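Asks: I am attaching a structure below and will ask some questions about it afterwards.
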Amino acid sequence: MFRVWARTLPERLGGRYVFAALVAVLVVALVLRVWAATHGYEFRHGSDADQYERLAARLYEDGEFGIPGSENPYDFAPGMPLFAAAVYWLTGGVSPETARIAVAIVGTVGVILVFLIGRRLGGPWAGVAGAALAAVYPPTLFYTSLFSSEPLAMVTVAGAVLAFLWAADAGRSPWAWAVPGLLFGLTAYLRPEYLLLTGLMALLALAVAWRRRGLLSGVLAGVLIVAAFAVVIAPWTISTSNKLGRFVPVSTGGGKALYIGTFLPGDGIHERVKQHLIHETRGGPPLPEERLRRIPMQPLLDRVARRYPDMPRDSALGRIGKQNLQHYATHQPVAFARMVAGKIAHMWHGAGDPSSSVAGSALHYLVLALGLLGLALLALRRRWEVLPIALLLVGISAIGGLLLAGNRRNLPVMPLVLAAAGVTLVLVLARVRGEDVSGGRASGRRLLWPKNSQRATPS
């Protein structure tokens with residue numbers, strides 16, 4: 001059975017040349033990621049990477065999720081610490097480098113997922129083109145060198161979207177809708193904002209399945225996504241809620257995110273809000289960027305939360321954030337709308353150190369433009385696969401506009417953009433070569449949108 005599967009794999013993926021190109025891309029992806037993992041970035045004390053590393057060590061050594069001296073360990077998403085602690089358990093000791101190498105291996109699987117999504121959207125060579133972009137995309141390599149959850153989230157989000165498309169195929173069992181739910185549940189451990197986005201994806205599943213198979217199938221699809229999602233996060237939710245004495249789905253950082261994201265005097269941006277709070281406390285001129293980065297945000301937020309001393313810190317910050325939202329949205333609506341738009345633009349401005357350079361920023365915007373163009377072309381051809389991708393892109397943008405708008409928030413959905421960019425590249429190449437990309441064949445090769453796969457499944 002395995003021999004038959006292995007022998008027919010190249011043909012099923014698109015032919016020998018496609019298979020050879022994909023293998024080459026995966027080798028490059030793995031080498032670059034392992035190199036990044038073994039040349040870890042020197043992050044600053046108190047950063048998220050530092051906290052994740054300490055949380056993982058504590059989980060492995062004591063079985064406890066916490067940091068000595070920290071009152072708010074649950075502000076941090078548990079996904080990366082849990083993953084690293086599992087790696088430590090398998091390898092018999094605490095080694096951040098080993099955990100990063102494991103992230104590098106998982107990240108290479110993410111490149112395969114980009115290929116599979118691209119192949120579904122635009123054919124085998126579109127998949128190869130998207131995978132090649134994903135293999136060398138600089139922010140992915142940068143965050144692999146950190147103790148960061150983003151490379152893992154890129155895999156779970158890409159896998160969830162691919163599973164969503166797969167579940168919608170004609171003839172698929174209704175239980176297939178549980179698979180994207182499970183993967184979105186894993187994503188929530190890494191990026192808690194996917195609690196909200198999973199609800200939207202469940203509604204989309206309801207609409208897609210209803211249109212194709214009837215109302216009952218639609219309701220079942222939505223329910224299965226939500227139920228599978230709940231099964232994955234339930235153990236952590238129950239444990240954390242019992243320890244804290246209140247309902248906490250994944251983490252307690254939502255109040256902090258809402259406060260920072262709605263603080264108009266600091267433009268809703270983490271470092272600018274920090275600068276403003278420091279000025280309120282100490283006065284004086286603005287601090288230089290490097291010095292500002294070394295100052296921890298937590299004591300400043302603790303001071304803000306003391307306005308409601310009888311409430312838990314995150315709940316207090318959440319209340320103040322809601323007050324900010326109501327006040328600025330009603331009293332300064334134009335300025336608030338401008339801030340939200342600026343935060344969305346800030347969120348999509350690359351990620352990490354590579355995007356701080358002119359070349360890195362230019363490459364990111366080129367990939368983003370190619371990806372959006374690819375989605376637009378697919379939409380013009382009435383490809384329904386655009387819907388879940390667009391929903392996630394718009395949803396994460398809206399969340400970034402309202403809450404924290406860190407650059408790295410875009411990374412989990414970048415595999416979808418990279419896959420769509422591959423579609424654009426192959427389409428441009430086909431145009432240059434004079435091939436008919438509206439359907440048909442040329443030189444015996446399958447083109448971008450052959451007539452027999454204009455839609456993945458019948459409407």
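Each chain of the structure tokens is named A, B, ... in the order shown, its residues numbered from 1; ligands are numbered from 1 in display order.
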If you count only C-alpha atoms, which residues fall within 8 Å of stretch 60-66 of chain A, apart from same-chain ones fewer than 6 positions away, as a ChimeraX atom specification?
Replies: /A:73-74,85-86,88-89,94
Asks: So that I can check the secondary structure, give me every residue of stretch 61-279 of chain A assigned alpha helix (DSSP H) by backbone DSSP, as an MDAnalysis selection string.
Replies: chainID A and resid 61:62 79:91 96:122 124:136 138:144 150:167 178:190 194:213 215:244 254:261 270:279
Asks: Given the choices A:Met311, A:Arg172, A:Ile260, A:Met414, which gets closest to A:Pro138 if the distance is worked out from only C-alpha atoms?
Replies: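 Using only C-alpha atoms, the shortest distance to A:Pro138 belongs to A:Met414.
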Asks: Can you list, as a PyMOL selection string, every protein, DNA or RNA residue that comes within 8 Å of A:Ile389 when you count only C-alpha atoms, leaving out same-chain residues fewer than 4 positions away?
Replies: chain A and resi 161+385+393+416
Asks: Just want the 12 Å neighbourhood of A:Leu277, counted on only C-alpha atoms, with same-chain residues fewer than 3 positions away dropped. Output as a PyMOL selection string.
Replies: chain A and resi 260+263+265-266+270-274+280-284+286-287+292+295-304
Asks: Residues of stretch 332-450 of chain A within 12 Å of stretch 251-257 of chain A: nearest atom pair and distance (Å, one decimal) for each, counting only C-alpha atoms, sorted by chain and number, as JSON lines?
Replies:
{"residue": "A:Ile399", "atom": "CA", "partner": "A:Ala257", "partner_atom": "CA", "distance": 10.1}
{"residue": "A:Gly400", "atom": "CA", "partner": "A:Ala257", "partner_atom": "CA", "distance": 9.7}
{"residue": "A:Gly401", "atom": "CA", "partner": "A:Ala257", "partner_atom": "CA", "distance": 11.1}
{"residue": "A:Leu402", "atom": "CA", "partner": "A:Ala257", "partner_atom": "CA", "distance": 8.8}
{"residue": "A:Leu403", "atom": "CA", "partner": "A:Ala257", "partner_atom": "CA", "distance": 5.2}
{"residue": "A:Leu404", "atom": "CA", "partner": "A:Ala257", "partner_atom": "CA", "distance": 5.2}
{"residue": "A:Ala405", "atom": "CA", "partner": "A:Ala257", "partner_atom": "CA", "distance": 9.0}
{"residue": "A:Gly406", "atom": "CA", "partner": "A:Ala257", "partner_atom": "CA", "distance": 10.4}
Asks: Go ahead and save the picked residues with N, CA and C atoms, as a compact mmCIF listing (two decimals), in the first residue's frame.
Replies:
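As a result, result_23.txt now contains:
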# COMPACT_ATOMS: atom_id res chain seq x y z
N ILE A 399 -9.51 43.05 13.70
CA ILE A 399 -9.03 42.84 15.07
C ILE A 399 -7.81 43.71 15.33
N GLY A 400 -6.89 43.77 14.35
CA GLY A 400 -5.72 44.63 14.50
C GLY A 400 -6.10 46.09 14.62
N GLY A 401 -7.15 46.50 13.90
CA GLY A 401 -7.58 47.89 13.97
C GLY A 401 -8.18 48.26 15.31
N LEU A 402 -8.76 47.29 16.00
CA LEU A 402 -9.41 47.57 17.28
C LEU A 402 -8.51 47.26 18.47
N LEU A 403 -7.76 46.16 18.38
CA LEU A 403 -6.90 45.75 19.50
C LEU A 403 -5.45 46.06 19.17
N LEU A 404 -4.53 45.27 19.70
CA LEU A 404 -3.11 45.46 19.39
C LEU A 404 -2.86 45.22 17.91
N ALA A 405 -2.04 46.07 17.32
CA ALA A 405 -1.78 45.99 15.88
C ALA A 405 -0.32 45.68 15.62
N GLY A 406 0.25 44.73 16.34
CA GLY A 406 1.63 44.36 16.12
C GLY A 406 1.84 43.82 14.72
Asks: May I ask for the distance between atom CA of A:Leu425 and atom CA of A:Leu363, given in Å to one decimal place?
Replies: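 Atom-to-atom, atom CA of A:Leu425 to atom CA of A:Leu363, that is 14.4 Å.
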